[in-house]
$ cat entry20.csv   # CSV, C-alpha atoms
chain,number,residue,atom,x,y,z
A,275,MET,CA,-82.7,19.6,-63.5
A,276,ASN,CA,-82.7,17.0,-60.7
A,277,PHE,CA,-80.2,18.3,-58.2
A,278,GLU,CA,-80.1,15.1,-56.2
A,279,ARG,CA,-77.4,13.7,-58.4
A,280,PHE,CA,-75.2,16.7,-57.5
A,281,GLN,CA,-75.6,16.5,-53.7
A,282,ARG,CA,-72.0,16.0,-52.9
A,283,GLN,CA,-70.9,18.7,-55.4
A,284,ILE,CA,-73.3,21.2,-54.0
A,285,ILE,CA,-71.7,21.0,-50.6
A,286,VAL,CA,-68.3,22.1,-52.0
A,287,PRO,CA,-68.0,25.7,-50.7
A,288,GLU,CA,-66.5,27.0,-53.9
A,289,LEU,CA,-69.6,26.0,-55.8
A,290,GLY,CA,-72.5,25.8,-53.4
A,291,GLU,CA,-76.2,25.5,-54.2
A,292,GLU,CA,-76.3,28.9,-55.9
A,293,GLY,CA,-73.5,27.9,-58.2
A,294,GLN,CA,-75.1,24.5,-59.0
A,295,GLN,CA,-78.4,26.2,-59.9
A,296,LEU,CA,-76.5,28.5,-62.3
A,297,LEU,CA,-74.8,25.7,-64.3
A,298,PRO,CA,-78.0,24.4,-66.0
A,299,LYS,CA,-78.6,27.9,-67.4
A,300,LYS,CA,-75.3,27.9,-69.3
A,301,HIS,CA,-74.4,27.0,-72.8
A,302,ILE,CA,-70.9,25.8,-73.7
A,303,VAL,CA,-69.4,25.3,-77.2
A,304,ILE,CA,-66.5,22.8,-77.4
A,305,ILE,CA,-64.5,23.1,-80.6
A,306,GLY,CA,-62.8,19.7,-81.2
A,307,GLY,CA,-64.0,16.3,-80.1
A,308,GLY,CA,-60.7,14.4,-79.7
A,309,GLY,CA,-58.7,13.8,-76.5
A,310,LEU,CA,-59.3,17.2,-74.9
A,311,GLY,CA,-62.8,17.8,-76.3
A,312,SER,CA,-64.3,14.4,-75.6
A,313,ASN,CA,-63.0,14.3,-72.0
A,314,SER,CA,-64.1,17.9,-71.4
A,315,SER,CA,-67.6,17.2,-72.8
A,316,ASN,CA,-67.9,14.2,-70.5
A,317,ILE,CA,-66.9,16.1,-67.4
A,318,LEU,CA,-69.2,19.1,-68.2
A,319,THR,CA,-72.2,16.7,-68.9
A,320,ARG,CA,-71.7,15.1,-65.5
A,321,ILE,CA,-71.4,18.3,-63.5
A,322,GLY,CA,-74.6,19.7,-64.9
A,323,ILE,CA,-74.0,22.2,-67.6
A,324,GLY,CA,-77.3,22.9,-69.3
A,325,SER,CA,-76.4,22.9,-73.0
A,326,ILE,CA,-73.3,21.7,-74.8
A,327,ASP,CA,-72.4,21.8,-78.5
A,328,ILE,CA,-69.5,19.7,-79.7
A,329,VAL,CA,-68.1,20.8,-83.0
A,330,ASP,CA,-65.8,18.4,-84.9
A,331,ASP,CA,-65.6,17.0,-88.5
A,332,ASP,CA,-63.4,14.0,-87.9
A,333,LEU,CA,-64.0,10.3,-87.5
A,334,VAL,CA,-62.8,8.1,-84.7
A,335,GLU,CA,-59.6,6.3,-85.5
A,336,LEU,CA,-57.9,3.6,-83.5
A,337,PRO,CA,-55.1,5.9,-82.2
A,338,ASN,CA,-57.8,8.1,-80.6
A,339,LEU,CA,-58.8,5.3,-78.2
A,340,TYR,CA,-55.9,5.4,-75.8
A,341,ARG,CA,-56.3,9.0,-74.8
A,342,THR,CA,-60.1,9.3,-74.5
A,343,SER,CA,-62.6,8.1,-71.9
A,344,ILE,CA,-65.7,7.8,-74.2
A,345,PHE,CA,-64.8,6.1,-77.5
A,346,ASN,CA,-64.4,2.4,-77.9
A,347,GLU,CA,-63.4,0.0,-80.7
A,348,GLU,CA,-66.9,-0.2,-82.0
A,349,ASP,CA,-66.8,3.6,-82.6
A,350,VAL,CA,-63.9,3.5,-85.1
A,351,GLY,CA,-64.9,5.0,-88.4
A,352,ARG,CA,-67.9,6.9,-87.0
A,353,PRO,CA,-68.1,10.7,-86.5
A,354,LYS,CA,-66.7,11.8,-83.1
A,355,CYS,CA,-69.4,14.4,-82.6
A,356,GLN,CA,-72.2,12.0,-83.3
A,357,ILE,CA,-70.9,9.4,-80.8
A,358,LEU,CA,-70.4,12.0,-78.1
A,359,GLU,CA,-73.9,13.2,-78.6
A,360,GLU,CA,-75.4,9.7,-78.3
A,361,LYS,CA,-73.3,8.6,-75.3
A,362,LEU,CA,-73.3,11.8,-73.3
A,363,GLN,CA,-77.1,12.1,-73.6
A,364,LYS,CA,-77.3,8.8,-71.8
A,365,ILE,CA,-75.1,10.0,-69.0
A,366,ASN,CA,-77.4,13.0,-68.2
A,367,SER,CA,-80.6,13.2,-70.1
A,368,GLU,CA,-81.4,16.6,-68.8
A,369,VAL,CA,-78.4,18.2,-70.5
A,370,ARG,CA,-78.9,19.2,-74.1
A,371,ILE,CA,-76.1,17.7,-76.1
A,372,ARG,CA,-75.6,18.6,-79.8
A,373,GLY,CA,-72.9,17.1,-82.0
A,374,ILE,CA,-72.1,19.4,-85.0
A,375,LYS,CA,-70.1,17.7,-87.8
A,376,LYS,CA,-68.3,20.8,-89.1
A,377,ARG,CA,-64.8,22.1,-89.5
A,378,VAL,CA,-64.7,25.4,-87.9
A,379,THR,CA,-63.7,28.2,-90.3
A,380,LYS,CA,-63.8,32.0,-90.3
A,381,GLU,CA,-67.0,31.7,-92.4
A,382,ASN,CA,-69.0,29.7,-89.9
A,383,ILE,CA,-67.5,30.4,-86.5
A,384,HIS,CA,-69.9,33.4,-85.9
A,385,SER,CA,-73.0,31.2,-86.2
A,386,ILE,CA,-71.4,28.3,-84.2
A,387,VAL,CA,-70.6,30.4,-81.1
A,388,LYS,CA,-73.2,33.2,-81.2
A,389,ASN,CA,-75.2,31.9,-78.2
A,390,ALA,CA,-72.2,30.5,-76.2
A,391,ASP,CA,-71.5,31.6,-72.6
A,392,ILE,CA,-68.1,30.0,-72.9
A,393,ILE,CA,-66.0,28.4,-75.7
A,394,LEU,CA,-63.7,25.5,-74.8
A,395,ASP,CA,-60.6,24.6,-76.8
A,396,GLY,CA,-60.4,21.0,-77.9
A,397,THR,CA,-58.3,21.7,-81.0
A,398,ASP,CA,-54.8,20.6,-81.9
A,399,ASN,CA,-53.6,23.5,-84.0
A,400,MET,CA,-52.7,27.2,-83.3
A,401,GLN,CA,-54.5,28.6,-86.3
A,402,THR,CA,-57.9,27.4,-85.1
A,403,ARG,CA,-57.1,28.7,-81.6
A,404,PHE,CA,-56.2,32.1,-82.9
A,405,LEU,CA,-59.5,32.1,-84.8
A,406,ILE,CA,-61.3,31.3,-81.5
A,407,ASN,CA,-59.3,34.0,-79.8
A,408,ASP,CA,-60.4,36.6,-82.4
A,409,ILE,CA,-64.1,35.7,-82.1
A,410,SER,CA,-63.8,35.7,-78.3
A,411,ILE,CA,-62.3,39.2,-78.1
A,412,LYS,CA,-64.5,40.7,-80.8
A,413,HIS,CA,-67.8,39.5,-79.3
A,414,ASN,CA,-66.8,39.4,-75.6
A,415,ILE,CA,-67.2,35.6,-75.2
A,416,PRO,CA,-64.9,34.0,-72.6
A,417,TRP,CA,-63.0,30.9,-73.6
A,418,VAL,CA,-60.4,28.5,-72.2
A,419,TYR,CA,-57.3,27.7,-74.1
A,420,ALA,CA,-55.8,24.2,-73.6
A,421,GLY,CA,-53.0,22.3,-75.3
A,422,VAL,CA,-51.1,19.1,-74.7
A,423,TYR,CA,-47.6,17.9,-75.8
A,424,SER,CA,-45.8,14.8,-74.6
A,425,THR,CA,-46.3,14.9,-70.8
A,426,VAL,CA,-47.1,18.6,-70.5
A,427,GLY,CA,-50.3,20.5,-70.7
A,428,MET,CA,-51.0,24.2,-70.8
A,429,ILE,CA,-54.3,25.9,-69.8
A,430,MET,CA,-55.5,29.5,-69.5
A,431,GLY,CA,-59.0,31.0,-69.0
A,432,ILE,CA,-59.4,34.1,-71.2
A,433,HIS,CA,-61.9,36.7,-70.1
A,434,PRO,CA,-62.1,39.5,-72.7
A,435,LYS,CA,-61.2,43.0,-71.3
A,436,HIS,CA,-60.0,41.4,-68.0
A,437,THR,CA,-57.2,38.9,-68.8
A,438,PRO,CA,-54.5,38.5,-71.4
A,439,CYS,CA,-55.7,36.9,-74.7
A,440,LEU,CA,-54.0,34.1,-76.6
A,441,LYS,CA,-52.1,36.6,-78.7
A,442,CYS,CA,-50.6,38.1,-75.5
A,443,ILE,CA,-49.1,34.8,-74.4
A,444,SER,CA,-48.4,33.3,-77.8
A,445,GLN,CA,-44.6,33.6,-77.4
A,446,SER,CA,-44.9,31.4,-74.3
A,447,ILE,CA,-46.4,28.5,-76.4
A,448,PRO,CA,-43.8,26.4,-78.2
A,449,GLU,CA,-44.2,25.7,-81.9
A,450,LYS,CA,-45.1,22.0,-82.6
A,451,THR,CA,-44.2,20.3,-85.8
A,452,GLY,CA,-44.7,16.7,-87.1
A,453,GLU,CA,-46.7,14.1,-85.2
A,454,ILE,CA,-47.5,15.3,-81.6
A,455,PRO,CA,-46.4,12.9,-78.8
A,456,ILE,CA,-49.1,12.6,-76.1
A,457,LEU,CA,-49.1,10.5,-72.9
A,458,GLY,CA,-52.4,8.7,-72.7
A,459,ASN,CA,-53.6,10.1,-69.4
A,460,LEU,CA,-52.6,13.7,-70.2
A,461,PRO,CA,-55.7,14.9,-72.1
A,462,LEU,CA,-58.0,13.8,-69.3
A,463,THR,CA,-55.9,15.5,-66.7
A,464,ILE,CA,-55.7,18.8,-68.7
A,465,ALA,CA,-59.4,18.6,-69.6
A,466,SER,CA,-60.3,18.4,-65.9
A,467,ILE,CA,-58.3,21.6,-65.2
A,468,GLU,CA,-59.8,23.2,-68.3
A,469,CYS,CA,-63.3,22.5,-67.1
A,470,THR,CA,-62.5,23.9,-63.6
A,471,GLU,CA,-61.3,27.2,-65.2
A,472,ALA,CA,-64.5,27.2,-67.3
A,473,MET,CA,-66.6,26.8,-64.1
A,474,LYS,CA,-64.7,29.7,-62.6
A,475,LEU,CA,-65.6,31.9,-65.6
A,476,LEU,CA,-69.2,30.9,-65.4
A,477,LEU,CA,-69.4,31.7,-61.7
A,478,GLY,CA,-67.4,34.9,-61.9
A,479,LYS,CA,-64.5,33.5,-59.8
A,480,GLN,CA,-60.9,34.4,-59.9
A,481,LEU,CA,-59.0,32.5,-62.6
A,482,SER,CA,-55.6,30.8,-62.1
A,483,GLY,CA,-53.6,32.5,-64.8
A,484,PHE,CA,-51.5,30.6,-67.3
A,485,ILE,CA,-51.1,27.0,-66.0
A,486,ILE,CA,-48.4,24.6,-67.0
A,487,TYR,CA,-48.6,21.0,-65.7
A,488,ASP,CA,-46.2,18.1,-66.3
A,489,VAL,CA,-48.0,14.9,-65.3
A,490,TRP,CA,-44.8,12.8,-65.5
A,491,ASN,CA,-42.7,15.0,-63.2
A,492,GLN,CA,-45.8,16.2,-61.2
A,493,SER,CA,-44.7,19.8,-61.6
A,494,PHE,CA,-47.4,22.5,-61.5
A,495,GLU,CA,-46.7,26.1,-62.4
A,496,GLN,CA,-49.0,29.1,-62.4
A,497,MET,CA,-47.9,32.2,-64.3
A,498,ASN,CA,-49.6,35.5,-63.7
A,499,ILE,CA,-49.1,37.0,-67.2
A,500,LYS,CA,-50.1,40.6,-67.8
A,501,ARG,CA,-52.0,41.9,-70.8
A,502,ASN,CA,-49.7,43.0,-73.5
A,503,PRO,CA,-50.4,46.7,-74.0
A,504,ARG,CA,-49.3,46.3,-77.7
A,505,CYS,CA,-51.4,43.2,-78.4
A,506,SER,CA,-52.8,43.5,-81.9
A,507,CYS,CA,-55.9,41.6,-80.9
A,508,CYS,CA,-57.2,42.6,-77.5
A,509,GLN,CA,-55.6,46.0,-77.4
A,510,ARG,CA,-55.8,47.2,-81.1
A,511,GLY,CA,-58.8,45.2,-82.3
A,512,ILE,CA,-57.1,43.7,-85.3
A,513,PHE,CA,-58.7,40.3,-85.9
A,514,GLU,CA,-56.4,38.8,-88.6
A,515,PHE,CA,-57.9,35.3,-88.4
A,516,LEU,CA,-61.5,36.3,-88.9

$ encode --input "entry20.csv" --output "structure tokens"
Amino acid sequence: MNFERFQRQIIVPELGEEGQQLLPKKHIVIIGGGGLGSNSSNILTRIGIGSIDIVDDDLVELPNLYRTSIFNEEDVGRPKCQILEEKLQKINSEVRIRGIKKRVTKENIHSIVKNADIILDGTDNMQTRFLINDISIKHNIPWVYAGVYSTVGMIMGIHPKHTPCLKCISQSIPEKTGEIPILGNLPLTIASIECTEAMKLLLGKQLSGFIIYDVWNQSFEQMNIKRNPRCSCCQRGIFEFL
């Protein structure tokens, strides 16, 4: 990969030349290609991740446009993953982008993530997130949880055997029913934080814990949640969603 494009990123001490050289060797799977997934895939393509799979079975709809930075009106009615593959490949031709038009299920998630260095959450429902959590813990694949609601986003990097898993913190995540309100700039902001935590996982750096950010009130909170010693998933190895 041509590192000239990353010159100003390489001089960031937290990354450095060694870190930049590591990124092209990594493969990330993003599950979901909507507000979070499309913005995350855009960021990761630009910073030089070597290989990105974007898994989504939905089509672009008009209400998607206000909260994404990739889709436009001409894309309405086309598969999200296909558009992302086409457009992101033009942003950095040295990154391998693959759009996968599938709904992630317990039957296919093993094959989808088997070569992943990290999984990123671009979903909008807890059941799929718990499925990702189960496969992550079972096969020791780090992942980053992210969710958005109204003006608030939540993010946590999950490193199996080292950090709490999603099940450990599930009581801290409010239940959502009905149509989810989302401020337009929130997914991009949260995707940026999510990608930063993903980079930390790839580089073996210290994670920031459970992050809650309110973009309207500009309030940022980090919670150092401990692993639940009674967690059915990461402590007892019960994978109820697989």

$ atom_distance --input "entry20.csv" --atom1 "atom CA of A:Ile323" --atom2 "atom CA of A:Ile304"
12.4 Å

$ closest_residue --input "entry20.csv" --among "A:Asn382, A:Thr342, A:Gly309, A:Ser482" --to "A:Val422" --atoms "all atoms listed in the file"
A:Gly309

$ residues_around --input "entry20.csv" --residues "A:Arg370" --least-positions-apart "2" --cutoff "7 Å" --atoms "only C-alpha atoms" --output "PyMOL selection string"
chain A and resi 324-326+368+372

$ atom_distance --input "entry20.csv" --atom1 "atom CA of A:Leu297" --atom2 "atom CA of A:Ile392"
11.7 Å

$ residues_around --input "entry20.csv" --residues "A:Asn276" --least-positions-apart "4" --cutoff "12 Å" --atoms "only C-alpha atoms" --output "count of residues only"
12

$ closest_residue --input "entry20.csv" --among "A:Ile374, A:Met430, A:Leu405, A:Leu339" --to "A:Glu514" --atoms "only C-alpha atoms"
A:Leu405

$ atom_distance --input "entry20.csv" --atom1 "atom CA of A:Glu359" --atom2 "atom CA of A:Ile328"
7.9 Å

$ closest_residue --input "entry20.csv" --among "A:Ile393, A:Ile415, A:Cys442, A:Val350" --to "A:Arg504" --atoms "all atoms listed in the file"
A:Cys442

$ closest_residue --input "entry20.csv" --among "A:Met275, A:Leu477, A:Val303, A:Ile344" --to "A:Gly290" --atoms "all atoms listed in the file"
A:Leu477

$ residues_around --input "entry20.csv" --residues "stretch 487-490 of chain A" --least-positions-apart "2" --cutoff "7 Å" --atoms "only C-alpha atoms" --output "list in words"
Thr425, Val426, Gly427, Met428, Leu460, Ile485, Gln492, Ser493, Phe494 and Glu495 of chain A

$ closest_residue --input "entry20.csv" --among "A:Thr397, A:Asn316, A:Gln356, A:Lys388" --to "A:Val334" --atoms "all atoms listed in the file"
A:Gln356

$ residues_around --input "entry20.csv" --residues "A:Leu476" --least-positions-apart "2" --cutoff "10 Å" --atoms "only C-alpha atoms" --output "PyMOL selection string"
chain A and resi 293+296-297+300-302+391-392+416+470-474+478-479

$ closest_residue --input "entry20.csv" --among "A:Asn491, A:Ile467, A:Ile411, A:Asp330" --to "A:Ser314" --atoms "all atoms listed in the file"
A:Ile467
